[in-house]
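S.K.: Structure file upload-v2.txt, compact mmCIF, C-alpha atoms, is pasted below:
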```txt
# COMPACT_ATOMS: atom_id res chain seq x y z
CA MET A 245 -13.15 14.22 -30.72
CA LYS A 246 -10.10 14.79 -28.56
CA GLU A 247 -7.40 12.10 -28.47
CA ILE A 248 -5.04 12.12 -25.49
CA LYS A 249 -1.81 10.12 -25.51
CA LEU A 250 -1.29 9.24 -21.84
CA ILE A 251 2.39 8.41 -22.27
CA GLU A 252 2.95 12.13 -22.81
CA TYR A 253 1.70 12.75 -19.26
CA PHE A 254 2.69 9.65 -17.28
CA ASP A 255 5.44 7.08 -16.77
CA PRO A 256 4.98 3.71 -18.52
CA PHE A 257 3.82 2.32 -15.17
CA ALA A 258 1.18 4.96 -14.53
CA GLU A 259 0.45 5.42 -10.83
CA ASN A 260 0.75 9.14 -10.04
CA LYS A 261 -2.72 10.16 -8.87
CA GLU A 262 -1.84 13.82 -8.55
CA ARG A 263 -0.92 14.00 -12.21
CA ALA A 264 -4.05 12.00 -13.07
CA ARG A 265 -6.15 14.53 -11.18
CA LYS A 266 -4.48 17.39 -13.04
CA LEU A 267 -5.26 15.82 -16.41
CA ARG A 268 -8.84 15.11 -15.33
CA VAL A 269 -9.47 18.64 -14.06
CA GLU A 270 -7.62 20.54 -16.77
CA VAL A 271 -8.39 18.45 -19.85
CA LEU A 272 -10.97 15.67 -19.45
CA MET A 273 -13.68 17.58 -17.59
CA PRO A 274 -13.56 20.74 -19.75
CA THR A 275 -13.62 18.62 -22.92
CA LEU A 276 -16.68 16.66 -21.81
CA GLU A 277 -18.41 19.81 -20.56
CA LYS A 278 -18.05 21.23 -24.07
CA GLY A 279 -19.90 18.18 -25.35
CA GLU A 280 -16.89 16.64 -27.07
CA GLU A 281 -15.87 13.00 -26.98
CA ILE A 282 -12.51 11.71 -25.76
CA ILE A 283 -10.15 8.90 -26.71
CA LEU A 284 -7.65 7.97 -24.01
CA ASP A 285 -4.73 6.33 -25.80
CA PHE A 286 -2.76 3.98 -23.52
CA ASP A 287 -0.09 3.17 -26.10
CA GLY A 288 3.22 2.86 -24.18
CA ILE A 289 1.49 2.45 -20.80
CA VAL A 290 2.48 -1.00 -19.52
CA GLY A 291 0.60 -0.94 -16.22
CA VAL A 292 -1.69 1.17 -14.05
CA THR A 293 -2.89 1.09 -10.46
CA GLN A 294 -6.53 1.08 -9.48
CA SER A 295 -5.95 4.35 -7.60
CA PHE A 296 -4.55 5.97 -10.72
CA ILE A 297 -7.51 4.97 -12.90
CA HIS A 298 -9.89 5.99 -10.11
CA ALA A 299 -8.30 9.46 -9.95
CA LEU A 300 -8.46 9.71 -13.74
CA ILE A 301 -12.05 8.70 -14.46
CA SER A 302 -14.20 8.16 -11.33
CA ASP A 303 -15.33 11.77 -11.18
CA LEU A 304 -16.46 11.55 -14.80
CA PHE A 305 -19.03 8.96 -13.68
CA ARG A 306 -20.21 11.26 -10.89
CA LYS A 307 -20.59 14.27 -13.17
CA PHE A 308 -21.95 12.58 -16.28
CA GLY A 309 -23.28 9.20 -15.06
CA ALA A 310 -22.57 5.84 -16.66
CA GLY A 311 -23.40 7.43 -20.02
CA VAL A 312 -19.91 8.88 -19.97
CA LEU A 313 -18.75 5.49 -21.27
CA ASP A 314 -20.46 6.40 -24.56
CA ARG A 315 -18.28 9.49 -24.76
CA VAL A 316 -14.91 8.25 -23.50
CA SER A 317 -13.07 5.44 -25.30
CA PHE A 318 -9.95 3.58 -24.18
CA LYS A 319 -7.44 2.78 -26.94
CA ASN A 320 -4.38 0.50 -27.07
CA CYS A 321 -4.90 -0.93 -23.59
CA ASN A 322 -3.14 -4.17 -22.72
CA ASP A 323 -5.13 -6.81 -20.83
CA LYS A 324 -3.93 -5.67 -17.41
CA VAL A 325 -4.87 -2.07 -18.05
CA LYS A 326 -8.23 -3.17 -19.43
CA SER A 327 -8.95 -5.21 -16.29
CA VAL A 328 -8.27 -2.25 -13.99
CA ILE A 329 -10.39 0.15 -16.07
CA ALA A 330 -13.24 -2.39 -16.12
CA THR A 331 -13.01 -2.81 -12.34
CA VAL A 332 -13.19 0.92 -11.64
CA SER A 333 -15.99 1.29 -14.16
CA ASP A 334 -17.96 -1.51 -12.47
CA TYR A 335 -17.68 -0.26 -8.91
CA MET A 336 -18.48 3.32 -9.87
CA GLN A 337 -21.69 2.11 -11.48
CA ALA A 338 -22.44 -0.14 -8.49
CA ALA A 339 -22.03 2.87 -6.22
CA GLU A 340 -24.32 4.90 -8.47
CA TRP A 341 -27.22 2.50 -8.42
CA MET B 73 10.88 3.23 22.38
CA ARG B 74 13.09 0.31 23.19
CA ILE B 75 13.61 -2.34 20.50
CA GLU B 76 15.23 -5.71 20.96
CA LEU B 77 16.40 -7.26 17.73
CA PRO B 78 16.42 -11.05 18.05
CA PRO B 79 18.47 -13.18 15.63
CA SER B 80 15.63 -13.23 13.12
CA VAL B 81 12.26 -11.56 12.60
CA TRP B 82 9.94 -12.54 9.76
CA LEU B 83 6.27 -11.93 9.14
CA GLY B 84 5.44 -15.44 10.31
CA THR B 85 6.87 -14.69 13.74
CA ILE B 86 6.31 -10.95 13.94
CA GLU B 87 4.09 -11.06 17.05
CA THR B 88 6.95 -12.18 19.28
CA PHE B 89 9.04 -9.21 18.18
CA LEU B 90 6.21 -6.69 18.54
CA LYS B 91 5.31 -7.87 22.04
CA ARG B 92 8.83 -7.03 23.19
CA LEU B 93 8.66 -3.43 22.01
CA ASP B 94 8.73 -1.02 24.93
CA PRO B 95 7.02 2.27 24.04
CA SER B 96 7.22 3.72 27.57
CA ASP B 97 9.65 6.50 26.55
CA LEU B 98 8.95 7.87 23.09
CA GLU B 99 11.56 10.63 23.44
CA LYS B 100 14.29 8.02 23.15
CA LEU B 101 15.12 5.19 20.79
CA GLU B 102 17.18 2.31 22.14
CA ILE B 103 18.04 -0.62 19.90
CA GLU B 104 19.73 -3.67 21.31
CA THR B 105 21.04 -6.72 19.51
CA GLY B 106 22.89 -9.84 20.54
CA ASP B 107 26.21 -11.07 19.21
CA SER B 108 24.72 -13.43 16.67
CA TRP B 109 23.80 -12.80 13.07
CA VAL B 110 20.64 -10.71 12.88
CA THR B 111 18.36 -10.92 9.89
CA VAL B 112 15.13 -8.98 10.01
CA HIS B 113 12.26 -8.30 7.65
CA PRO B 114 12.52 -4.92 5.88
CA MET B 115 9.34 -3.94 7.74
CA ILE B 116 11.39 -3.78 10.95
CA LEU B 117 13.99 -1.53 9.33
CA ALA B 118 11.24 0.76 8.02
CA MET B 119 9.75 0.94 11.53
CA ILE B 120 13.09 1.87 13.07
CA ALA B 121 13.74 4.57 10.46
CA ALA B 122 10.23 6.01 10.93
CA LEU B 123 10.72 6.14 14.69
CA ALA B 124 14.18 7.70 14.39
CA SER B 125 12.83 10.49 12.16
CA GLY B 126 10.94 11.94 15.10
CA ILE B 127 13.62 11.58 17.76
CA ASP B 128 16.55 13.85 18.58
CA ARG B 129 19.66 12.00 17.43
CA LYS B 130 21.37 12.46 20.76
CA ASN B 131 18.57 10.34 22.22
CA ILE B 132 19.23 7.43 19.86
CA ASP B 133 21.29 4.70 21.44
CA LEU B 134 22.54 1.44 19.94
CA LYS B 135 23.24 -1.00 22.75
CA ASN B 136 25.56 -3.93 22.28
CA PHE B 137 25.58 -3.27 18.55
CA LYS B 138 28.42 -5.66 17.86
CA THR B 139 26.39 -7.79 15.62
CA ILE B 140 28.14 -9.27 12.67
CA SER B 141 25.11 -8.12 10.68
CA LYS B 142 26.33 -4.55 10.82
CA ASP B 143 27.31 -4.61 7.17
CA SER B 144 23.84 -5.56 6.06
CA PHE B 145 22.34 -2.79 8.20
CA GLU B 146 24.82 -0.36 6.71
CA ARG B 147 23.85 -1.46 3.21
CA MET B 148 20.18 -0.90 4.02
CA ASN B 149 20.99 2.69 5.11
CA LEU B 150 19.90 2.01 8.69
CA PHE B 151 22.75 3.96 10.27
CA LYS B 152 22.10 6.91 7.98
CA PHE B 153 18.57 7.16 9.37
CA LEU B 154 19.77 6.67 12.93
CA GLY B 155 22.41 9.35 12.51
CA THR B 156 25.03 6.99 13.88
CA LYS B 157 27.47 6.62 11.02
CA THR B 158 29.65 3.55 11.47
CA VAL B 159 33.32 3.47 10.61
CA ASP B 160 34.22 -0.17 11.04
CA SER B 161 31.88 -1.94 8.66
CA LYS B 162 33.24 -3.73 5.65
CA THR B 163 32.44 -2.77 2.13
CA ASP B 164 29.32 -4.18 0.57
CA SER B 165 29.98 -7.81 -0.24
CA GLU B 166 26.51 -8.63 -1.50
CA PRO B 167 25.82 -8.61 -5.19
CA ALA B 168 23.69 -5.78 -6.46
CA GLY B 169 20.05 -6.26 -7.22
CA LYS B 170 18.91 -7.84 -3.96
CA TYR B 171 17.51 -5.01 -1.96
CA ILE B 172 16.09 -1.52 -1.85
CA PRO B 173 17.65 0.39 1.06
CA ILE B 174 15.48 2.32 3.50
CA THR B 175 14.05 5.29 1.65
CA GLN B 176 11.96 8.15 2.96
CA ILE B 177 9.15 9.33 0.68
CA ARG B 178 7.56 12.68 1.42
CA ASP B 179 5.49 13.54 -1.65
CA SER B 180 3.73 12.24 -4.73
CA ASP B 181 6.47 12.87 -7.28
CA GLY B 182 9.03 11.49 -4.82
CA LEU B 183 7.08 8.24 -4.74
CA SER B 184 6.87 8.08 -8.53
CA ASN B 185 10.62 8.66 -8.82
CA PHE B 186 11.29 6.04 -6.15
CA ILE B 187 9.25 3.44 -8.03
CA LYS B 188 10.83 4.34 -11.36
CA ASP B 189 14.40 4.35 -10.04
CA MET B 190 14.42 1.75 -7.27
CA VAL B 191 12.22 -1.14 -8.39
CA PRO B 192 14.55 -1.89 -11.36
CA LEU B 193 17.28 -2.53 -8.74
CA LEU B 194 15.51 -5.78 -7.90
CA HIS B 195 16.19 -7.05 -11.44
CA LEU B 196 12.81 -8.67 -11.94
CA ASP B 197 11.03 -9.53 -15.14
CA GLN B 198 8.47 -6.99 -16.30
CA ASP B 199 5.39 -8.70 -14.85
CA LYS B 200 6.90 -9.04 -11.39
CA SER B 201 8.40 -5.59 -11.53
CA GLU B 202 4.96 -4.15 -12.27
CA LEU B 203 3.47 -6.12 -9.39
CA ILE B 204 6.04 -4.72 -6.95
CA SER B 205 5.51 -1.23 -8.37
CA TYR B 206 1.77 -1.67 -7.91
CA VAL B 207 2.11 -2.66 -4.25
CA MET B 208 4.61 0.09 -3.44
CA SER B 209 2.55 2.74 -5.14
CA GLU B 210 -0.69 1.88 -3.37
CA LEU B 211 0.97 1.53 0.03
CA GLY B 212 2.99 4.72 -0.38
CA ARG B 213 0.05 6.81 -1.55
CA ASN B 214 -2.02 5.61 1.41
CA VAL B 215 0.59 7.09 3.73
CA LEU B 216 0.97 10.33 1.79
CA GLU B 217 -2.78 10.90 1.64
CA HIS B 218 -4.01 9.64 5.01
CA ALA B 219 -1.21 9.47 7.58
CA LYS B 220 -0.90 13.27 7.95
CA THR B 221 2.76 13.26 8.84
CA PRO B 222 5.35 15.51 7.19
CA ALA B 223 7.93 12.77 7.61
CA GLY B 224 5.99 10.68 5.09
CA ALA B 225 6.59 7.01 4.43
CA PHE B 226 9.63 4.83 5.04
CA PHE B 227 10.18 1.96 2.62
CA ALA B 228 12.59 -0.94 2.52
CA ALA B 229 12.62 -4.13 0.45
CA GLU B 230 14.82 -7.12 -0.24
CA TYR B 231 14.90 -10.20 -2.39
CA SER B 232 15.24 -13.58 -0.71
CA LYS B 233 16.89 -15.96 -3.13
CA ASP B 234 16.12 -19.01 -0.96
CA GLN B 235 12.41 -18.41 -1.03
CA ASN B 236 12.30 -16.50 -4.32
CA THR B 237 10.35 -13.83 -2.51
CA ILE B 238 10.37 -10.05 -2.37
CA ARG B 239 9.90 -8.77 1.17
CA ILE B 240 8.54 -5.24 1.48
CA GLY B 241 8.06 -3.05 4.53
CA ILE B 242 6.54 0.40 4.85
CA ALA B 243 6.07 2.35 8.05
CA ASP B 244 4.85 5.75 9.16
CA CYS B 245 4.36 7.54 12.46
CA GLY B 246 1.24 9.37 11.37
CA ILE B 247 -2.26 9.50 12.82
CA GLY B 248 -2.88 5.76 12.36
CA LEU B 249 -5.77 3.92 10.74
CA ARG B 250 -8.24 4.50 13.56
CA ALA B 251 -7.96 8.29 13.56
CA SER B 252 -7.99 8.37 9.77
CA LEU B 253 -11.12 6.26 9.38
CA GLN B 254 -12.93 7.92 12.28
CA GLN B 255 -13.17 11.03 10.14
CA SER B 256 -15.94 9.35 8.13
CA HIS B 257 -16.91 6.09 9.87
CA HIS B 258 -17.76 4.68 13.24
CA VAL B 259 -14.70 2.77 14.45
CA ASN B 260 -14.76 0.68 17.61
CA ASP B 261 -11.04 0.15 18.16
CA ASP B 262 -7.75 -0.37 16.33
CA ILE B 263 -8.52 -3.86 15.04
CA ASP B 264 -11.87 -2.60 13.77
CA ALA B 265 -9.99 0.19 11.99
CA ILE B 266 -7.75 -2.38 10.29
CA ARG B 267 -10.84 -4.38 9.26
CA LEU B 268 -12.41 -1.27 7.73
CA ALA B 269 -9.19 -0.25 6.00
CA LEU B 270 -9.09 -3.65 4.27
CA THR B 271 -12.76 -3.55 3.28
CA PRO B 272 -13.36 -2.43 -0.31
CA GLY B 273 -15.01 0.95 -0.71
CA ILE B 274 -14.24 2.22 2.78
CA THR B 275 -12.01 5.29 3.02
CA GLY B 276 -11.37 7.86 5.70
CA ALA B 277 -11.95 10.56 3.10
CA THR B 278 -15.73 10.05 2.89
CA SER B 279 -18.61 7.85 3.98
CA ARG B 280 -19.98 7.88 0.42
CA GLU B 281 -19.97 4.68 -1.66
CA GLY B 282 -17.42 4.90 -4.46
CA GLY B 283 -15.21 7.18 -2.40
CA THR B 284 -14.18 10.66 -3.48
CA GLU B 285 -12.77 11.73 -6.82
CA GLN B 286 -9.28 10.89 -5.46
CA ASN B 287 -9.91 8.01 -3.05
CA ALA B 288 -11.81 4.79 -3.61
CA GLY B 289 -10.92 3.05 -0.36
CA ALA B 290 -9.65 0.14 -2.38
CA GLY B 291 -5.86 0.19 -2.25
CA LEU B 292 -5.37 -2.13 0.72
CA PHE B 293 -8.15 -4.45 -0.43
CA PHE B 294 -6.43 -4.84 -3.79
CA ILE B 295 -3.10 -5.59 -2.13
CA LYS B 296 -4.70 -8.06 0.27
CA SER B 297 -6.38 -9.73 -2.69
CA ILE B 298 -3.12 -9.96 -4.63
CA SER B 299 -1.45 -11.40 -1.50
CA SER B 300 -4.23 -13.91 -0.95
CA ALA B 301 -4.14 -15.00 -4.59
CA ASN B 302 -0.39 -15.56 -4.44
CA LYS B 303 -0.51 -17.29 -1.03
CA ASN B 304 1.62 -14.60 0.56
CA PHE B 305 1.91 -13.21 4.06
CA MET B 306 0.72 -9.68 4.73
CA VAL B 307 0.61 -7.89 8.08
CA ILE B 308 -0.84 -4.57 9.18
CA TYR B 309 0.06 -3.07 12.54
CA SER B 310 -1.60 0.11 13.74
CA GLY B 311 -2.31 1.38 17.24
CA ASP B 312 -2.36 -1.65 19.53
CA SER B 313 -3.53 -4.15 16.91
CA LEU B 314 -2.08 -6.51 14.35
CA TYR B 315 -3.80 -8.27 11.45
CA LYS B 316 -1.92 -11.02 9.65
CA LEU B 317 -3.13 -12.53 6.41
CA LEU B 318 -1.91 -16.10 6.41
CA LYS B 319 -1.11 -18.16 3.38
CA ARG B 320 -4.28 -19.29 1.66
CA LYS B 321 -5.04 -22.98 2.26
CA ASP B 322 -8.06 -23.35 0.03
CA PRO B 323 -6.88 -24.31 -3.47
CA ALA B 324 -9.86 -22.45 -4.94
CA LEU B 325 -9.22 -18.74 -4.86
CA MET B 326 -12.02 -16.77 -3.24
CA LEU B 327 -11.72 -13.12 -2.36
CA HIS B 328 -13.50 -11.84 0.72
CA ALA B 329 -14.65 -8.28 1.24
CA ASN B 330 -14.40 -8.87 4.99
CA PRO B 331 -10.73 -9.53 5.87
CA PHE B 332 -11.81 -11.57 8.88
CA ASP B 333 -13.23 -14.14 6.44
CA ASP B 334 -9.72 -14.75 5.06
CA ASN B 335 -7.26 -17.17 6.63
CA HIS B 336 -5.78 -14.81 9.21
CA THR B 337 -4.78 -14.10 12.79
CA LYS B 338 -5.44 -10.90 14.67
CA GLU B 339 -4.26 -9.58 17.98
CA SER B 340 -4.95 -6.50 20.09
CA GLY B 341 -3.32 -5.14 23.23
CA LEU B 342 0.14 -5.03 21.64
CA PRO B 343 2.60 -2.22 22.44
CA TYR B 344 1.13 0.90 20.87
CA TRP B 345 2.40 2.00 17.46
CA GLN B 346 1.51 5.59 16.65
CA GLY B 347 0.98 5.26 12.92
CA THR B 348 0.73 2.32 10.58
CA VAL B 349 3.10 -0.41 9.45
CA VAL B 350 2.61 -2.85 6.58
CA GLY B 351 4.76 -5.85 5.76
CA ILE B 352 4.25 -8.09 2.77
CA ASP B 353 6.04 -11.04 1.19
CA ILE B 354 5.50 -11.53 -2.51
CA THR B 355 6.53 -14.88 -3.85
CA LEU B 356 7.78 -14.78 -7.40
CA ASP B 357 6.85 -18.42 -8.07
CA SER B 358 3.16 -17.72 -8.35
CA SER B 359 1.59 -18.40 -11.69
CA ILE B 360 -1.66 -16.56 -11.02
CA GLU B 361 -2.13 -13.87 -13.61
CA PHE B 362 -2.77 -10.30 -12.59
CA THR B 363 -5.78 -10.10 -14.89
CA ALA B 364 -7.34 -13.21 -13.32
CA VAL B 365 -6.98 -11.68 -9.85
CA MET B 366 -8.41 -8.44 -11.15
CA GLU B 367 -11.48 -10.22 -12.49
CA LEU B 368 -12.13 -11.67 -9.02
CA ILE B 369 -11.51 -8.29 -7.40
CA ARG B 370 -13.91 -6.73 -9.84
CA ALA B 371 -16.70 -9.08 -8.82
CA ALA B 372 -15.96 -9.00 -5.08
CA TYR B 373 -15.71 -5.22 -4.96
CA ALA B 374 -18.93 -4.46 -6.81
CA ASP B 375 -20.75 -7.15 -4.77
CA ALA B 376 -19.54 -5.59 -1.52
CA ILE B 377 -20.84 -2.18 -2.51
CA ARG B 378 -24.19 -3.59 -3.63
CA GLU B 379 -24.53 -5.54 -0.38
CA ARG B 380 -23.84 -2.47 1.75
CA LYS B 381 -26.35 -0.50 -0.27
CA ARG B 382 -28.93 -3.27 0.15
CA LEU B 383 -28.48 -3.18 3.92
CA ARG B 384 -28.61 0.58 4.09
CA LYS B 385 -31.61 1.94 5.95
CA TYR B 386 -33.28 4.66 3.96
CA LYS B 387 -34.62 7.69 5.71
CA GLN B 388 -38.37 7.25 6.10
CA PRO B 389 -41.07 9.83 5.44
CA LYS B 390 -42.87 11.08 8.48
CA PHE B 391 -46.63 10.46 8.21
CA ILE B 392 -48.73 12.48 10.63
```
How would this structure read if it were set down as structure tokens?

M.R.:
Amino acid sequence: MKEIKLIEYFDPFAENKERARKLRVEVLMPTLEKGEEIILDFDGIVGVTQSFIHALISDLFRKFGAGVLDRVSFKNCNDKVKSVIATVSDYMQAAEW
Amino acid sequence: MRIELPPSVWLGTIETFLKRLDPSDLEKLEIETGDSWVTVHPMILAMIAALASGIDRKNIDLKNFKTISKDSFERMNLFKFLGTKTVDSKTDSEPAGKYIPITQIRDSDGLSNFIKDMVPLLHLDQDKSELISYVMSELGRNVLEHAKTPAGAFFAAEYSKDQNTIRIGIADCGIGLRASLQQSHHVNDDIDAIRLALTPGITGATSREGGTEQNAGAGLFFIKSISSANKNFMVIYSGDSLYKLLKRKDPALMLHANPFDDNHTKESGLPYWQGTVVGIDITLDSSIEFTAVMELIRAAYADAIRERKRLRKYKQPKFI
């Protein structure tokens, strides 16, 4: 189980898609490919954009399907962050099926 | 380009201003004002700065620029972008915290730094500050990723105390929405391009549902939805067409995947703008929670994708 504190990578209002892509490519994907699970800890993150969350997790759905939600957990999210993650999660699954 | 600045230009009356643009000579930039006080939406200042970035400064001419509004233009950095430094303006008499001067954003980290450093200048509470950051980030990243112009995006914003509203403008002189979307979709004309750009799940980066790993085709739909929820104005001008989201009349909030189903006006045949311009007014009086809007977006977005998939014609087997 790998726990990633996002505040160590992003500003409290997390919106930088390029940095999200870098974390996805360099950390999230290799971790999941090794069969490990991930906890994304949003402690200290006050807000996110849809584009940021899309850049962070949408490709995980493409590579691993909706089952990736059994392997990636989202910790310490405020309600706004939760609503954006849920939205991206929904439309990625709608696109899948 | 010749620009006439009337005494006031706001999103509600933007068509009148746009119709008087004269794009017959794009090697020059002429700006003319009258003698009265001129107050314009930051979108206009962003447009002027974007235009000036591609024009030799010796071809930039300010005609009859005796306006008493010179100080406010100076404060917004307009003369810096025009390369026509003024010497006779007074010092800044406005209190701090009311505006974000014209700023050019060329790359991803530049945009992040701009949001981190400049949005606090508006002195908003955290919720509103995040909302403004959200809008600026999505609009700015659209330009950086799709406009294909090294000059990047030009931002300006101001707070209107009278209306308790933040006015934001962003402009670029890139390839425009039509050329961007034509890379992956059939686009009839500029107004069709604006419609597609506002439709959830449509991006110039791919024709695939769900977008690419970096682009969902959702940024403008989210901003339109936030604007609609808060009963704000939003305009998009690209090529020869303008779309204006009007203030929502229906007390019940409904989000539409098709922007033409919203309360709006649209117009084509306007003077051609090479690139894209967005103006938005965000009222700070709104009590609609971000999470409530997001729940509606969540439903509308997934429904739109499912509906397009339902209508999709599958390739048929050939029976011989």

S.K.: Considering all atoms listed in the file, return as a ChimeraX atom specification whatever protein or nucleic-acid residues lie within 12 Å of Val316 of chain A, sequence-local ones (same chain, fewer than 5 positions apart) excluded.

M.R.: /A:245-248,272-273,275-276,279-285,300-301,304-305,308-311,329,333

S.K.: Counting only C-alpha atoms, which residues of chain A sit at most 10 Å from some atom of chain B, and what is each one's closest atom pair with its distance in Å to one decimal, listed by chain and rising residue number, as a Markdown table?

M.R.:
```
| residue | atom | partner | partner_atom | distance |
| --- | --- | --- | --- | --- |
| A:Phe254 | CA | B:Ser184 | CA | 9.8 |
| A:Asp255 | CA | B:Lys188 | CA | 8.1 |
| A:Pro256 | CA | B:Lys188 | CA | 9.3 |
| A:Phe257 | CA | B:Glu202 | CA | 7.2 |
| A:Ala258 | CA | B:Ser184 | CA | 8.8 |
| A:Glu259 | CA | B:Ser209 | CA | 6.6 |
| A:Asn260 | CA | B:Ser184 | CA | 6.4 |
| A:Lys261 | CA | B:Gln286 | CA | 7.4 |
| A:Glu262 | CA | B:Ser180 | CA | 6.9 |
| A:Arg263 | CA | B:Asp181 | CA | 9.0 |
| A:Ala264 | CA | B:Gln286 | CA | 9.3 |
| A:Arg265 | CA | B:Gln286 | CA | 7.5 |
| A:Arg268 | CA | B:Glu285 | CA | 10.0 |
| A:Val290 | CA | B:Glu202 | CA | 8.3 |
| A:Gly291 | CA | B:Glu202 | CA | 6.7 |
| A:Val292 | CA | B:Tyr206 | CA | 7.6 |
| A:Thr293 | CA | B:Tyr206 | CA | 6.0 |
| A:Gln294 | CA | B:Gly291 | CA | 7.3 |
| A:Ser295 | CA | B:Gly291 | CA | 6.8 |
| A:Phe296 | CA | B:Gln286 | CA | 8.6 |
| A:Ile297 | CA | B:Gln286 | CA | 9.7 |
| A:His298 | CA | B:Gln286 | CA | 6.8 |
| A:Ala299 | CA | B:Gln286 | CA | 4.8 |
| A:Leu300 | CA | B:Glu285 | CA | 8.4 |
| A:Ile301 | CA | B:Glu285 | CA | 8.3 |
| A:Ser302 | CA | B:Glu285 | CA | 5.9 |
| A:Asp303 | CA | B:Glu285 | CA | 5.1 |
| A:Leu304 | CA | B:Glu285 | CA | 8.8 |
| A:Phe305 | CA | B:Glu285 | CA | 9.7 |
| A:Arg306 | CA | B:Glu285 | CA | 8.5 |
| A:Asp323 | CA | B:Thr363 | CA | 6.8 |
| A:Lys324 | CA | B:Thr363 | CA | 5.4 |
| A:Val325 | CA | B:Thr363 | CA | 8.7 |
| A:Lys326 | CA | B:Thr363 | CA | 8.6 |
| A:Ser327 | CA | B:Thr363 | CA | 6.0 |
| A:Val328 | CA | B:Met366 | CA | 6.8 |
| A:Ile329 | CA | B:Arg370 | CA | 9.9 |
| A:Ala330 | CA | B:Arg370 | CA | 7.7 |
| A:Thr331 | CA | B:Arg370 | CA | 4.7 |
| A:Val332 | CA | B:Arg370 | CA | 7.9 |
| A:Ser333 | CA | B:Arg370 | CA | 9.3 |
| A:Asp334 | CA | B:Ala374 | CA | 6.5 |
| A:Tyr335 | CA | B:Ala374 | CA | 4.9 |
| A:Met336 | CA | B:Gly282 | CA | 5.7 |
| A:Gln337 | CA | B:Ala374 | CA | 8.5 |
| A:Ala338 | CA | B:Ala374 | CA | 5.8 |
| A:Ala339 | CA | B:Glu281 | CA | 5.3 |
| A:Glu340 | CA | B:Gly282 | CA | 8.0 |
| A:Trp341 | CA | B:Arg378 | CA | 8.3 |
```

S.K.: Grab the atom CA of Phe226 of chain B to atom CA of Gln176 of chain B distance for me, in Å with one decimal place.

M.R.: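 Atom-to-atom, atom CA of Phe226 of chain B and atom CA of Gln176 of chain B are spaced 4.6 Å apart.
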
S.K.: Hey, can you check how far atom CA of Asp261 of chain B sits from atom CA of Asp244 of chain B?

M.R.: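 Straight-line distance from atom CA of Asp261 of chain B to atom CA of Asp244 of chain B works out to 19.1 Å.
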
S.K.: Which residue out of B:Pro222, B:Gly351, B:Pro79, B:Pro114 has the minimum interatomic distance to Ser141 of chain B when all atoms listed in the file are used?

M.R.: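 Looking only at the distances to Ser141 of chain B, the closest residue turns out to be B:Pro79.
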
S.K.: What separation in Å, quoted to one decimal, exists between atom CA of Ile177 of chain B and atom CA of Ser252 of chain B?

M.R.: 19.4 Å

S.K.: Around (8.3, 7.1, 27.2) in the file's own coordinates, what residues are found within 12 Å if you use all atoms listed in the file, given back as number ranges by chain?

M.R.: B: 73-74, 93-102, 127, 131, 343-344

S.K.: Considering only C-alpha atoms, return as a PyMOL selection string whatever protein or nucleic-acid residues lie within 9 Å of Trp82 of chain B, sequence-local ones (same chain, fewer than 3 positions apart) excluded.

M.R.: chain B and resi 85-86+111-116

S.K.: Once you have the residues from the selection above, write them out as an mmCIF file, in the coordinates of the input, restricted to C-alpha atoms.

M.R.:
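File produced: result.cif:
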```cif
data_model
loop_
_atom_site.group_PDB
_atom_site.id
_atom_site.type_symbol
_atom_site.label_atom_id
_atom_site.label_comp_id
_atom_site.auth_asym_id
_atom_site.auth_seq_id
_atom_site.Cartn_x
_atom_site.Cartn_y
_atom_site.Cartn_z
ATOM 1 C CA THR B 85 6.870 -14.690 13.740
ATOM 2 C CA ILE B 86 6.310 -10.950 13.940
ATOM 3 C CA THR B 111 18.360 -10.920 9.890
ATOM 4 C CA VAL B 112 15.130 -8.980 10.010
ATOM 5 C CA HIS B 113 12.260 -8.300 7.650
ATOM 6 C CA PRO B 114 12.520 -4.920 5.880
ATOM 7 C CA MET B 115 9.340 -3.940 7.740
ATOM 8 C CA ILE B 116 11.390 -3.780 10.950
#
```

S.K.: Would you mind listing what lies within 10 Å of Ser125 of chain B as a PDB file with C-alpha atoms, in the frame of the given file, with only C-alpha atoms counted and same-chain residues fewer than 3 positions away left out?

M.R.:
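around.pdb, freshly written:
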```pdb
ATOM      1  CA  ILE B 120      13.090   1.870  13.070  1.00  0.00           C
ATOM      2  CA  ALA B 121      13.740   4.570  10.460  1.00  0.00           C
ATOM      3  CA  ALA B 122      10.230   6.010  10.930  1.00  0.00           C
ATOM      4  CA  ASP B 128      16.550  13.850  18.580  1.00  0.00           C
ATOM      5  CA  ARG B 129      19.660  12.000  17.430  1.00  0.00           C
ATOM      6  CA  PHE B 153      18.570   7.160   9.370  1.00  0.00           C
ATOM      7  CA  LEU B 154      19.770   6.670  12.930  1.00  0.00           C
ATOM      8  CA  GLY B 155      22.410   9.350  12.510  1.00  0.00           C
ATOM      9  CA  GLN B 176      11.960   8.150   2.960  1.00  0.00           C
ATOM     10  CA  ALA B 223       7.930  12.770   7.610  1.00  0.00           C
ATOM     11  CA  GLY B 224       5.990  10.680   5.090  1.00  0.00           C
ATOM     12  CA  PHE B 226       9.630   4.830   5.040  1.00  0.00           C
ATOM     13  CA  ASP B 244       4.850   5.750   9.160  1.00  0.00           C
ATOM     14  CA  CYS B 245       4.360   7.540  12.460  1.00  0.00           C
TER      15      CYS B 245
END
```

S.K.: Could you pull out every residue with an atom within 12 Å of (-7.2, -5.2, 4.2), file coordinates, counting only C-alpha atoms, and send them as a PyMOL selection string?

M.R.: chain B and resi 211+249+263-275+289-300+306-309+314-317+327-334+336+350+352
